[in-house]
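K.L.:
My structure is below; once you've seen it, I'll send some questions.
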Amino acid sequence: MSFKHKHLLGIAPLSAEEIMLILETADSFKEVSGREIKKVPALRGKTVVNLFFEPSTRTRTSFELAAKRLSADVINFSPSNSSVVKGETLLDTARNIEAMQADLIVLRHPAAGAAETLARGVKSSVINAGDGWHEHPTQALLDLYTLREKKRDFKGLRVAIVGDVAHSRVARSNILALTKVGADVRVVGPRTMMPYGVERLGVHLYDKLDEGLRGVDVIMMLRLQLERQGRALFPTIREYSRLYGLTAERLKLAEPGALVMHPGPINRGVEIAPDVADSFSSVILDQVTNGVAVRMGILYLLSGVNA
Amino acid sequence: MIAHGKKHEKLIMDASEVTRALTRIAHEILERNKGTRELALVGIRTGGVHLAHRLVKRIQEIEHAKVPIGELDITLYRDDLALRKEQPILKTTKVPFNIADMKVVLVDDVLFTGRTIRAAMDGLMDLGRPAEIQLAVLVDRGHRQLPIKATYIGKNIPTADDEIVQVFLEEDGEEDRVVIRQGGTP
Amino acid sequence: MTILIKGGKVIDPGRVNGPADVLIENGKIAAVGPKLKAPANAKIIDATNKVVTPGFIDLHVHFREPGFEYKETIQSGTAAAVAGGFTSVCCMPNTSPVNDNQSITEFILEKARAAGNANVFPVGAITKGSEGKELAEIGDLQRAGCIAISDDGLPVMNSLVMRRAMEYAIAFDVPVVDHCEDLHLSEGGCMNEGLVSTQLGLPGMPAAAEDVMVARNLALAELTGARLHLAHLSTAGSVRMVRDAKTRGIKVTAEACPHHFMLTEEAVCGYNTHSKMNPPLRTGADVQAIKDGLRDGTIDVIATDHAPHATQEKQQEFAAAPNGIVGLETAWPLTLTLVEEGVLTLEAAVAKLTTEPARAFSLKKGTLAPGADADVAITDLQEGWEVDPARFRSKSRNTPFAGWKVKGRVTTTIVGGRVVYETA
């Protein structure tokens, strides 16, 4: 099979086969990252633009490294204090970038649907690096890649996603990806943090963490996003942490050898007790390496000649 | 040439001819490199991998020495990636030894335009700096588009541009043979 | 100028429904009857196979003058109106500056006079600047020509202010129009809160945000005895409460817009900003409730909430795009689909756009009774056409109905006895 998409706007348009193809492609790039010369000429002469309307060192450097290891030229745009504040629209900014002959634009933007809006207005390929609450497909793909390394088979894998699902694009993308590849997904958190009709996405809803963790193979903790919160979602951090924080005790409710994941950065003591956080720091480092490999895979698959 | 089996297919080498060619190439590699010291074989995916394994086995039988073997995927080094609408599927490269200062023999099934070998050399160089690169192919069918020459050749077959040369191997569930077909026929 | 409209089927709700001719003299309806004789030098308009109705009345439009003339002016807005068969429109006060005083009202009326297309009846603000705090000079607004008051665009959040506005308005006998939305519940939302908003990751506005305000307004209308008009209802809950209130004799009239009986929240998929408006498109159940409300009279009036916006404004990411779509030039054929579906009879459909709005806002319009102003629309019900925004008379093109194949086209519009619109 081949990858026929021009953009990567989300997990929603991908089939289970296409997801597996991306993961298998990432294997080759993980090998490249392990070499002495961490570069292949596959995207030589192509220009990749990181257009980040929201601050993010991690995702942006990951994409930058991925593009450079493929021999592409990379430009970073962070319109926080520039033209966008002066009223230049997303499309205007993007057209200016397109005029630089950008082949691929990696977009992170606070508005859901921004990547799709951008893709309609430019000739370049667009990769969604996070649009509002909607999706963050490369994060979900790298999470799946890590899971594949550690757990191998997705079918029937029991995964609990804990926290502010309603406002988390990482949660949405992971729910879509995991259900597509046959995992058994649960969401755990207060109702104030669950989107309308969440169970219709094919997941089980739990209000209580203890019940939600029983027998799971994977626990994905979401960050409590203090800066993106509306008001009145939870009374205090103290109460949230007591009810939904992952402690060593609670971890025992899960299957032995359960994997704990977190998209980062962690609020120590809030979502995860410090002792638990320290014990799985190695998974986080894996996720960084895997992130570059997965993003190299995506840049490679999208770099065909655009119609 | 004996017309054999499938319609429109002309048999160039049968199983015994393939075996003899590989045996001869194994001897030639040993002769030219004066043994197996600092020698390594790298099969080019996909056609060259099984042949490389067979050569290593042959060398082991002749010289009673093990030669390191690697598998190289050259997709990322192709010169036509920028022109393709959909990118080809990648297969992994597995070269689990240091090629620095080694004499590396690249192995492929059919040598045609030479572009695959050019890509393989670039791929190999990114893994390290070999002392020498040599090339072993089962079939050389001519029509080079780059100045590339094989060191070891199983058989030279003159072909027309639009003909297709195909190598079938036991490891893939086929009878060992090399055939030539008209282009465009199923 | 004398005009004789010959050979058409006249639908004057409650008065005439059948073949008849219409005679217009000196800007008034002179006679309606079968086989009228044409006076000397009368202009003859042949209405064979066409339907002749009073010109339509739209109780809810936004002409962006003063302040946002690049989106629409009173001239272009009234031109769009007559192209859609509307001869009278009520324009909302959320201009810049807000129409909360006599001079803006007079400015609007003057511009309308100069344009010479549809009649314009301004709606004045309830509160100063529509800030929801202090009452505007409602008496003055009414005297200058306002026929209703509203802070539309916004609700009056403070219930005490709304109560006082309703009580105060009684003296001037003007209806108080509320845009029913609890801004706290809807905060941050840009579409209906539901399954689609969950899939798209867009913040939603729950139906409850509208229902809560409708309930409040009905309670205040009951308390004060004022005339309440509810703008653009969109939820099943709203319709249910209005139906109940009417049975108890509360003086409330209600309006619904074509997009709320034609489209659901699914139209937002793909982040289509032409499906972004406030109140938002809701679920199939809500659409059915609106249709039921239109059928049983709970919803008295069809209005457009014509809200022009420039193309580049709508080309932004969904959250940033402004709310609203134009509607004057598509309302009538979309209303006719309800006749096709059996939700309304043809006469009832005409009434929703003529006699009912006239009654809700006490306008001496919407009828072809002899002596009435000669505001007439002639429609070819069979003519099929494709909605092409590039050919709109409006300055703006923001409609979700682009490319739709519809049936029923206004071929002539007459205002005050003058032909102001004719298809070629």
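Please note that chains go A, B, ... in the order of the structure tokens, that every chain numbers its residues from 1, and that ligands are numbered from 1 in the order shown.
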Which residues come within 8 Å of Ser168 of chain A, counting only C-alpha atoms, excluding same-chain residues fewer than 2 positions away, as an MDAnalysis selection string?
P.N.:
chainID A and resid 133:134 164:166 170:172 222
K.L.:
If you run DSSP on this backbone, which residues of segment 152-235 of chain A come out as strand (DSSP E or B), and could you give them as a PDB file with all heavy atoms, in the first residue's frame?
P.N.:
```pdb
ATOM      1  N   ARG A 158      -5.824  -2.780  27.064  1.00  0.00           N
ATOM      2  CA  ARG A 158      -6.688  -1.901  27.842  1.00  0.00           C
ATOM      3  C   ARG A 158      -5.937  -0.635  28.223  1.00  0.00           C
ATOM      4  O   ARG A 158      -4.903  -0.692  28.890  1.00  0.00           O
ATOM      5  CB  ARG A 158      -7.186  -2.621  29.107  1.00  0.00           C
ATOM      6  CG  ARG A 158      -8.459  -3.411  28.842  1.00  0.00           C
ATOM      7  CD  ARG A 158      -8.696  -4.446  29.888  1.00  0.00           C
ATOM      8  NE  ARG A 158      -7.572  -5.370  29.933  1.00  0.00           N
ATOM      9  CZ  ARG A 158      -7.505  -6.418  30.732  1.00  0.00           C
ATOM     10  NH1 ARG A 158      -8.497  -6.679  31.563  1.00  0.00           N
ATOM     11  NH2 ARG A 158      -6.443  -7.190  30.726  1.00  0.00           N
ATOM     12  N   VAL A 159      -6.474   0.506  27.756  1.00  0.00           N
ATOM     13  CA  VAL A 159      -5.798   1.784  27.964  1.00  0.00           C
ATOM     14  C   VAL A 159      -6.735   2.720  28.714  1.00  0.00           C
ATOM     15  O   VAL A 159      -7.900   2.856  28.354  1.00  0.00           O
ATOM     16  CB  VAL A 159      -5.442   2.443  26.612  1.00  0.00           C
ATOM     17  CG1 VAL A 159      -4.707   3.757  26.833  1.00  0.00           C
ATOM     18  CG2 VAL A 159      -4.613   1.491  25.763  1.00  0.00           C
ATOM     19  N   ALA A 160      -6.229   3.365  29.780  1.00  0.00           N
ATOM     20  CA  ALA A 160      -7.014   4.370  30.492  1.00  0.00           C
ATOM     21  C   ALA A 160      -6.396   5.742  30.234  1.00  0.00           C
ATOM     22  O   ALA A 160      -5.200   5.925  30.418  1.00  0.00           O
ATOM     23  CB  ALA A 160      -7.009   4.063  31.986  1.00  0.00           C
ATOM     24  N   ILE A 161      -7.220   6.673  29.796  1.00  0.00           N
ATOM     25  CA  ILE A 161      -6.759   8.046  29.595  1.00  0.00           C
ATOM     26  C   ILE A 161      -7.363   8.873  30.711  1.00  0.00           C
ATOM     27  O   ILE A 161      -8.585   8.915  30.875  1.00  0.00           O
ATOM     28  CB  ILE A 161      -7.196   8.584  28.220  1.00  0.00           C
ATOM     29  CG1 ILE A 161      -6.619   7.693  27.119  1.00  0.00           C
ATOM     30  CG2 ILE A 161      -6.737  10.020  28.036  1.00  0.00           C
ATOM     31  CD1 ILE A 161      -7.006   8.107  25.708  1.00  0.00           C
ATOM     32  N   VAL A 162      -6.510   9.499  31.526  1.00  0.00           N
ATOM     33  CA  VAL A 162      -6.980  10.139  32.761  1.00  0.00           C
ATOM     34  C   VAL A 162      -6.763  11.638  32.725  1.00  0.00           C
ATOM     35  O   VAL A 162      -5.639  12.093  32.498  1.00  0.00           O
ATOM     36  CB  VAL A 162      -6.208   9.568  33.976  1.00  0.00           C
ATOM     37  CG1 VAL A 162      -6.725  10.195  35.267  1.00  0.00           C
ATOM     38  CG2 VAL A 162      -6.333   8.060  34.021  1.00  0.00           C
ATOM     39  N   ASP A 184      -8.831  -1.205  23.723  1.00  0.00           N
ATOM     40  CA  ASP A 184     -10.029  -1.031  24.527  1.00  0.00           C
ATOM     41  C   ASP A 184      -9.784   0.198  25.407  1.00  0.00           C
ATOM     42  O   ASP A 184      -8.993   0.140  26.348  1.00  0.00           O
ATOM     43  CB  ASP A 184     -10.176  -2.313  25.362  1.00  0.00           C
ATOM     44  CG  ASP A 184     -11.350  -2.292  26.302  1.00  0.00           C
ATOM     45  OD1 ASP A 184     -11.988  -1.231  26.447  1.00  0.00           O
ATOM     46  OD2 ASP A 184     -11.631  -3.350  26.891  1.00  0.00           O
ATOM     47  N   VAL A 185     -10.444   1.298  25.096  1.00  0.00           N
ATOM     48  CA  VAL A 185     -10.070   2.576  25.706  1.00  0.00           C
ATOM     49  C   VAL A 185     -11.070   3.035  26.760  1.00  0.00           C
ATOM     50  O   VAL A 185     -12.284   2.967  26.554  1.00  0.00           O
ATOM     51  CB  VAL A 185      -9.953   3.671  24.620  1.00  0.00           C
ATOM     52  CG1 VAL A 185      -9.527   4.999  25.229  1.00  0.00           C
ATOM     53  CG2 VAL A 185      -8.965   3.234  23.544  1.00  0.00           C
ATOM     54  N   ARG A 186     -10.566   3.536  27.889  1.00  0.00           N
ATOM     55  CA  ARG A 186     -11.420   4.160  28.883  1.00  0.00           C
ATOM     56  C   ARG A 186     -10.968   5.580  29.115  1.00  0.00           C
ATOM     57  O   ARG A 186      -9.774   5.866  29.013  1.00  0.00           O
ATOM     58  CB  ARG A 186     -11.288   3.481  30.253  1.00  0.00           C
ATOM     59  CG  ARG A 186     -11.089   2.043  30.203  1.00  0.00           C
ATOM     60  CD  ARG A 186     -10.726   1.507  31.538  1.00  0.00           C
ATOM     61  NE  ARG A 186     -10.857   0.054  31.449  1.00  0.00           N
ATOM     62  CZ  ARG A 186     -10.803  -0.748  32.496  1.00  0.00           C
ATOM     63  NH1 ARG A 186     -10.638  -0.237  33.701  1.00  0.00           N
ATOM     64  NH2 ARG A 186     -10.915  -2.040  32.326  1.00  0.00           N
ATOM     65  N   VAL A 187     -11.920   6.456  29.469  1.00  0.00           N
ATOM     66  CA  VAL A 187     -11.552   7.805  29.892  1.00  0.00           C
ATOM     67  C   VAL A 187     -11.992   7.974  31.339  1.00  0.00           C
ATOM     68  O   VAL A 187     -13.047   7.493  31.750  1.00  0.00           O
ATOM     69  CB  VAL A 187     -12.188   8.897  29.003  1.00  0.00           C
ATOM     70  CG1 VAL A 187     -11.572   8.890  27.619  1.00  0.00           C
ATOM     71  CG2 VAL A 187     -13.685   8.758  28.926  1.00  0.00           C
ATOM     72  N   VAL A 188     -11.132   8.612  32.124  1.00  0.00           N
ATOM     73  CA  VAL A 188     -11.391   8.773  33.554  1.00  0.00           C
ATOM     74  C   VAL A 188     -11.195  10.226  33.926  1.00  0.00           C
ATOM     75  O   VAL A 188     -10.158  10.811  33.597  1.00  0.00           O
ATOM     76  CB  VAL A 188     -10.403   7.920  34.392  1.00  0.00           C
ATOM     77  CG1 VAL A 188     -10.799   7.964  35.851  1.00  0.00           C
ATOM     78  CG2 VAL A 188     -10.349   6.493  33.884  1.00  0.00           C
ATOM     79  N   HIS A 204     -15.158   3.842  27.210  1.00  0.00           N
ATOM     80  CA  HIS A 204     -15.939   3.691  28.443  1.00  0.00           C
ATOM     81  C   HIS A 204     -15.589   4.849  29.358  1.00  0.00           C
ATOM     82  O   HIS A 204     -14.433   5.230  29.467  1.00  0.00           O
ATOM     83  CB  HIS A 204     -15.577   2.381  29.152  1.00  0.00           C
ATOM     84  CG  HIS A 204     -15.785   1.194  28.276  1.00  0.00           C
ATOM     85  ND1 HIS A 204     -17.026   0.719  27.937  1.00  0.00           N
ATOM     86  CD2 HIS A 204     -14.895   0.389  27.651  1.00  0.00           C
ATOM     87  CE1 HIS A 204     -16.894  -0.325  27.142  1.00  0.00           C
ATOM     88  NE2 HIS A 204     -15.622  -0.554  26.957  1.00  0.00           N
ATOM     89  N   LEU A 205     -16.616   5.373  30.032  1.00  0.00           N
ATOM     90  CA  LEU A 205     -16.412   6.538  30.883  1.00  0.00           C
ATOM     91  C   LEU A 205     -16.424   6.134  32.355  1.00  0.00           C
ATOM     92  O   LEU A 205     -17.308   5.413  32.796  1.00  0.00           O
ATOM     93  CB  LEU A 205     -17.538   7.538  30.603  1.00  0.00           C
ATOM     94  CG  LEU A 205     -17.674   8.770  31.487  1.00  0.00           C
ATOM     95  CD1 LEU A 205     -16.418   9.594  31.448  1.00  0.00           C
ATOM     96  CD2 LEU A 205     -18.862   9.595  31.002  1.00  0.00           C
ATOM     97  N   TYR A 206     -15.423   6.586  33.095  1.00  0.00           N
ATOM     98  CA  TYR A 206     -15.370   6.323  34.535  1.00  0.00           C
ATOM     99  C   TYR A 206     -15.237   7.634  35.280  1.00  0.00           C
ATOM    100  O   TYR A 206     -14.412   8.471  34.924  1.00  0.00           O
ATOM    101  CB  TYR A 206     -14.153   5.450  34.886  1.00  0.00           C
ATOM    102  CG  TYR A 206     -14.262   4.016  34.429  1.00  0.00           C
ATOM    103  CD1 TYR A 206     -13.971   3.675  33.103  1.00  0.00           C
ATOM    104  CD2 TYR A 206     -14.627   3.009  35.305  1.00  0.00           C
ATOM    105  CE1 TYR A 206     -14.061   2.369  32.682  1.00  0.00           C
ATOM    106  CE2 TYR A 206     -14.718   1.688  34.886  1.00  0.00           C
ATOM    107  CZ  TYR A 206     -14.432   1.374  33.572  1.00  0.00           C
ATOM    108  OH  TYR A 206     -14.520   0.080  33.152  1.00  0.00           O
ATOM    109  N   VAL A 218      -2.221   0.049  30.153  1.00  0.00           N
ATOM    110  CA  VAL A 218      -1.546   1.318  29.876  1.00  0.00           C
ATOM    111  C   VAL A 218      -2.320   2.444  30.556  1.00  0.00           C
ATOM    112  O   VAL A 218      -3.545   2.485  30.482  1.00  0.00           O
ATOM    113  CB  VAL A 218      -1.506   1.617  28.359  1.00  0.00           C
ATOM    114  CG1 VAL A 218      -0.776   2.927  28.079  1.00  0.00           C
ATOM    115  CG2 VAL A 218      -0.857   0.474  27.607  1.00  0.00           C
ATOM    116  N   ILE A 219      -1.607   3.358  31.215  1.00  0.00           N
ATOM    117  CA  ILE A 219      -2.245   4.522  31.823  1.00  0.00           C
ATOM    118  C   ILE A 219      -1.655   5.763  31.162  1.00  0.00           C
ATOM    119  O   ILE A 219      -0.447   6.002  31.224  1.00  0.00           O
ATOM    120  CB  ILE A 219      -1.966   4.601  33.327  1.00  0.00           C
ATOM    121  CG1 ILE A 219      -2.382   3.294  34.003  1.00  0.00           C
ATOM    122  CG2 ILE A 219      -2.692   5.786  33.945  1.00  0.00           C
ATOM    123  CD1 ILE A 219      -1.924   3.182  35.436  1.00  0.00           C
ATOM    124  N   MET A 220      -2.528   6.536  30.493  1.00  0.00           N
ATOM    125  CA  MET A 220      -2.049   7.798  29.901  1.00  0.00           C
ATOM    126  C   MET A 220      -2.571   8.935  30.758  1.00  0.00           C
ATOM    127  O   MET A 220      -3.776   9.168  30.820  1.00  0.00           O
ATOM    128  CB  MET A 220      -2.603   7.958  28.481  1.00  0.00           C
ATOM    129  CG  MET A 220      -1.950   7.092  27.459  1.00  0.00           C
ATOM    130  SD  MET A 220      -2.602   7.524  25.815  1.00  0.00           S
ATOM    131  CE  MET A 220      -1.499   6.586  24.792  1.00  0.00           C
ATOM    132  N   MET A 221      -1.677   9.616  31.430  1.00  0.00           N
ATOM    133  CA  MET A 221      -2.089  10.729  32.294  1.00  0.00           C
ATOM    134  C   MET A 221      -2.044  12.010  31.485  1.00  0.00           C
ATOM    135  O   MET A 221      -1.056  12.301  30.810  1.00  0.00           O
ATOM    136  CB  MET A 221      -1.129  10.868  33.473  1.00  0.00           C
ATOM    137  CG  MET A 221      -1.046   9.657  34.368  1.00  0.00           C
ATOM    138  SD  MET A 221      -2.627   9.219  35.098  1.00  0.00           S
ATOM    139  CE  MET A 221      -2.947  10.644  36.116  1.00  0.00           C
TER     140      MET A 221
END
```
K.L.:
Quick one: residues within 8 Å of Leu30 of chain B, only C-alpha atoms counted, chain neighbours fewer than 5 positions away excluded, as a PyMOL selection string?
P.N.:
chain B and resi 35-36+59
K.L.:
Selected residues, N, CA, C and O atoms, written as a short mmCIF file (atom, residue, chain, number, x, y, z; two decimals), in the first residue's frame, please.
P.N.:
```
data_model
loop_
_atom_site.label_atom_id
_atom_site.label_comp_id
_atom_site.auth_asym_id
_atom_site.auth_seq_id
_atom_site.Cartn_x
_atom_site.Cartn_y
_atom_site.Cartn_z
N GLY B 35 41.32 -13.97 0.47
CA GLY B 35 40.75 -14.52 1.70
C GLY B 35 39.61 -13.67 2.23
O GLY B 35 39.00 -12.88 1.51
N THR B 36 39.30 -13.86 3.52
CA THR B 36 38.13 -13.19 4.08
C THR B 36 38.47 -12.08 5.08
O THR B 36 37.62 -11.53 5.74
N ILE B 59 30.97 -19.12 0.80
CA ILE B 59 32.31 -18.75 1.27
C ILE B 59 32.66 -19.53 2.52
O ILE B 59 33.79 -20.01 2.70
#
```
K.L.:
Check which residues of chain B sit at most 6 Å from chain A using only C-alpha atoms, and return one row each with the closest pair of atoms and their distance in Å to one decimal, ordered by chain and rising number, as a tab-separated table.
P.N.:
```
residue	atom	partner	partner_atom	distance
B:Leu76	CA	A:Ala42	CA	4.9
B:Arg84	CA	A:Gly304	CA	5.4
B:Lys85	CA	A:Val305	CA	4.4
B:Glu86	CA	A:Gly304	CA	4.8
B:Gln87	CA	A:Gly304	CA	5.4
B:Leu90	CA	A:Thr25	CA	5.8
B:Thr92	CA	A:Ser28	CA	4.8
B:Asp126	CA	A:Ile37	CA	5.8
```
K.L.:
How would you write, as a ChimeraX atom specification, the set of residues in segment 155-281 of chain C that DSSP gives as helix (DSSP H, G or I)?
P.N.:
/C:159-170,195-200,207-224,236-247,258-262,265-268,273-275
K.L.:
Return the neighbours of chain A among the residues of chain C, cut-off 7 Å, counting only C-alpha atoms, as an NGL selection string.
P.N.:
:C and (193-195 or 198 or 200-202 or 271 or 316-319)
K.L.:
Produce a file of the selected residues containing all heavy atoms, as a short mmCIF file (atom, residue, chain, number, x, y, z; two decimals), in the first residue's frame.
P.N.:
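Generated file (selection.cif):
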```
data_model
loop_
_atom_site.label_atom_id
_atom_site.label_comp_id
_atom_site.auth_asym_id
_atom_site.auth_seq_id
_atom_site.Cartn_x
_atom_site.Cartn_y
_atom_site.Cartn_z
N GLU C 193 -23.20 22.84 21.30
CA GLU C 193 -22.50 21.82 22.07
C GLU C 193 -23.18 20.49 21.82
O GLU C 193 -24.34 20.30 22.17
CB GLU C 193 -22.52 22.15 23.56
CG GLU C 193 -21.79 21.11 24.37
CD GLU C 193 -21.72 21.43 25.85
OE1 GLU C 193 -21.54 22.61 26.18
OE2 GLU C 193 -21.85 20.50 26.66
N GLY C 194 -22.44 19.58 21.21
CA GLY C 194 -23.05 18.30 20.89
C GLY C 194 -21.99 17.36 20.34
O GLY C 194 -20.81 17.59 20.50
N LEU C 195 -22.43 16.32 19.65
CA LEU C 195 -21.50 15.31 19.15
C LEU C 195 -20.53 15.90 18.13
O LEU C 195 -19.37 15.51 18.06
CB LEU C 195 -22.27 14.15 18.53
CG LEU C 195 -23.09 13.36 19.54
CD1 LEU C 195 -23.98 12.36 18.82
CD2 LEU C 195 -22.19 12.66 20.52
N THR C 198 -17.81 17.88 19.82
CA THR C 198 -16.85 16.96 20.44
C THR C 198 -15.88 16.43 19.41
O THR C 198 -14.68 16.39 19.63
CB THR C 198 -17.60 15.80 21.12
OG1 THR C 198 -18.30 16.31 22.25
CG2 THR C 198 -16.63 14.72 21.58
N LEU C 200 -15.07 17.79 16.51
CA LEU C 200 -14.23 18.83 15.91
C LEU C 200 -13.35 19.53 16.93
O LEU C 200 -12.50 20.33 16.57
CB LEU C 200 -15.12 19.87 15.22
CG LEU C 200 -15.95 19.36 14.05
CD1 LEU C 200 -16.75 20.51 13.44
CD2 LEU C 200 -15.06 18.76 12.97
N GLY C 201 -13.56 19.24 18.21
CA GLY C 201 -12.75 19.90 19.23
C GLY C 201 -13.06 21.37 19.37
O GLY C 201 -12.24 22.15 19.82
N LEU C 202 -14.28 21.78 18.99
CA LEU C 202 -14.65 23.18 19.09
C LEU C 202 -15.46 23.41 20.36
O LEU C 202 -16.30 22.60 20.72
CB LEU C 202 -15.51 23.59 17.89
CG LEU C 202 -14.77 23.78 16.58
CD1 LEU C 202 -15.75 23.97 15.43
CD2 LEU C 202 -13.83 24.98 16.65
N TYR C 271 -15.12 22.43 9.36
CA TYR C 271 -14.89 23.80 9.86
C TYR C 271 -15.40 24.83 8.86
O TYR C 271 -14.73 25.82 8.58
CB TYR C 271 -13.40 24.03 10.18
CG TYR C 271 -12.89 23.06 11.22
CD1 TYR C 271 -12.25 21.90 10.84
CD2 TYR C 271 -13.09 23.30 12.57
CE1 TYR C 271 -11.81 20.99 11.78
CE2 TYR C 271 -12.65 22.39 13.53
CZ TYR C 271 -12.01 21.24 13.13
OH TYR C 271 -11.58 20.33 14.07
N GLN C 316 -11.23 33.00 7.86
CA GLN C 316 -10.33 32.75 8.98
C GLN C 316 -10.59 31.39 9.61
O GLN C 316 -11.55 30.72 9.25
CB GLN C 316 -10.53 33.81 10.05
CG GLN C 316 -10.22 35.21 9.56
CD GLN C 316 -10.47 36.22 10.63
OE1 GLN C 316 -9.61 36.44 11.48
NE2 GLN C 316 -11.63 36.83 10.63
N GLU C 317 -9.73 31.02 10.57
CA GLU C 317 -9.98 29.79 11.32
C GLU C 317 -11.33 29.92 12.04
O GLU C 317 -11.76 31.01 12.36
CB GLU C 317 -8.85 29.51 12.31
CG GLU C 317 -8.51 30.61 13.29
CD GLU C 317 -7.56 31.66 12.74
OE1 GLU C 317 -7.42 31.79 11.50
OE2 GLU C 317 -6.98 32.38 13.55
N PHE C 318 -12.00 28.82 12.27
CA PHE C 318 -13.40 28.83 12.69
C PHE C 318 -13.66 29.71 13.90
O PHE C 318 -14.62 30.49 13.93
CB PHE C 318 -13.86 27.39 12.99
CG PHE C 318 -15.35 27.25 13.02
CD1 PHE C 318 -16.08 27.03 11.86
CD2 PHE C 318 -16.04 27.34 14.22
CE1 PHE C 318 -17.47 26.91 11.88
CE2 PHE C 318 -17.43 27.22 14.26
CZ PHE C 318 -18.13 27.00 13.08
N ALA C 319 -12.82 29.59 14.91
CA ALA C 319 -13.07 30.35 16.14
C ALA C 319 -13.03 31.85 15.90
O ALA C 319 -13.71 32.61 16.57
CB ALA C 319 -12.05 29.97 17.20
#
```
K.L.:
Go through A:Thr247, A:Thr146, A:Ser71, A:Thr289 one by one, measure the shortest atom-to-atom distance of each to Leu23 of chain A using only C-alpha atoms, and give the residue with the smallest value.
P.N.:
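Using only C-alpha atoms, Leu23 of chain A sits closest to A:Thr146.
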K.L.:
Determine, counting only C-alpha atoms, which protein, DNA and RNA residues have an atom within 9 Å of an atom of segment 262-273 of chain A; residues of the same chain fewer than 5 positions away are not included. Present the result as a list of chain:residue names.
P.N.:
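The residues that qualify are A:Gln139, A:Asp143, A:Val162, A:Gly163, A:Val170, A:Ile219, A:Met220, A:Met221, A:Leu222, A:Arg223, A:Leu224, A:Ile237, A:Arg238, A:Tyr240, A:Ser241, A:Arg242, A:Tyr244, A:Gly245, A:Leu246, A:Thr247, A:Ala248, A:Asp278, A:Val283, A:Ile284, A:Gln287.
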K.L.:
Keeping C-alpha atoms, export the residues of the selection given above as a compact mmCIF listing (two decimals), in the first residue's frame.
P.N.:
```
# COMPACT_ATOMS: atom_id res chain seq x y z
CA GLN A 139 1.77 12.87 19.43
CA ASP A 143 2.51 7.24 21.70
CA VAL A 162 -6.98 10.14 32.76
CA GLY A 163 -7.66 13.84 33.13
CA VAL A 170 -3.61 14.61 22.73
CA ILE A 219 -2.24 4.52 31.82
CA MET A 220 -2.05 7.80 29.90
CA MET A 221 -2.09 10.73 32.29
CA LEU A 222 -3.10 14.09 30.86
CA ARG A 223 -1.62 17.31 32.09
CA LEU A 224 -3.90 19.55 34.14
CA ILE A 237 -5.79 21.45 42.62
CA ARG A 238 -5.70 19.76 46.01
CA TYR A 240 -8.25 17.14 41.87
CA SER A 241 -4.95 15.63 42.85
CA ARG A 242 -6.51 13.64 45.68
CA TYR A 244 -7.36 11.78 40.12
CA GLY A 245 -3.68 11.84 40.91
CA LEU A 246 -1.71 8.69 40.14
CA THR A 247 -0.04 7.32 43.26
CA ALA A 248 2.00 4.18 43.75
CA ASP A 278 10.65 9.20 38.69
CA VAL A 283 9.57 6.02 28.96
CA ILE A 284 9.58 9.77 28.53
CA GLN A 287 9.16 9.10 23.62
```
K.L.:
Quick one: residues within 12 Å of Asp153 of chain A, only C-alpha atoms, excluding same-chain residues fewer than 5 positions away - as a list in words?
P.N.:
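The residues that qualify are Met20, Leu144, Tyr145, Thr146, Leu147, Arg148, Arg158, Leu178, Val181, Gly182, Ala183, Asp184 and Asp217 of chain A.
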K.L.:
Using atom CA of Arg216 of chain C and atom CA of Leu183 of chain C as the two end points, give the distance in Å to one decimal.
P.N.:
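Rounded to one decimal, the two atoms are 13.5 Å apart.
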K.L.:
Any idea what the distance is between atom CA of Ile44 of chain C and atom CA of Glu356 of chain C?
P.N.:
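Atom CA of Ile44 of chain C sits 29.5 Å away from atom CA of Glu356 of chain C.
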K.L.:
If we count only C-alpha atoms and set the cut-off at 7 Å, which residues sit around segment 49-57 of chain C, ignoring sequence neighbours fewer than 6 positions away in its own chain? Please answer as a list in words.
P.N.:
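The residues that qualify are Gly8, Lys9, Val10, Ile11, Asp12, Gly85, Phe86, Thr87, Ser88, Val89, Leu353, Thr354, Pro357, Gly366, Thr367, Leu368, Asp375, Val376, Ala377, Ile378, Thr379, Asp380 and Leu381 of chain C.
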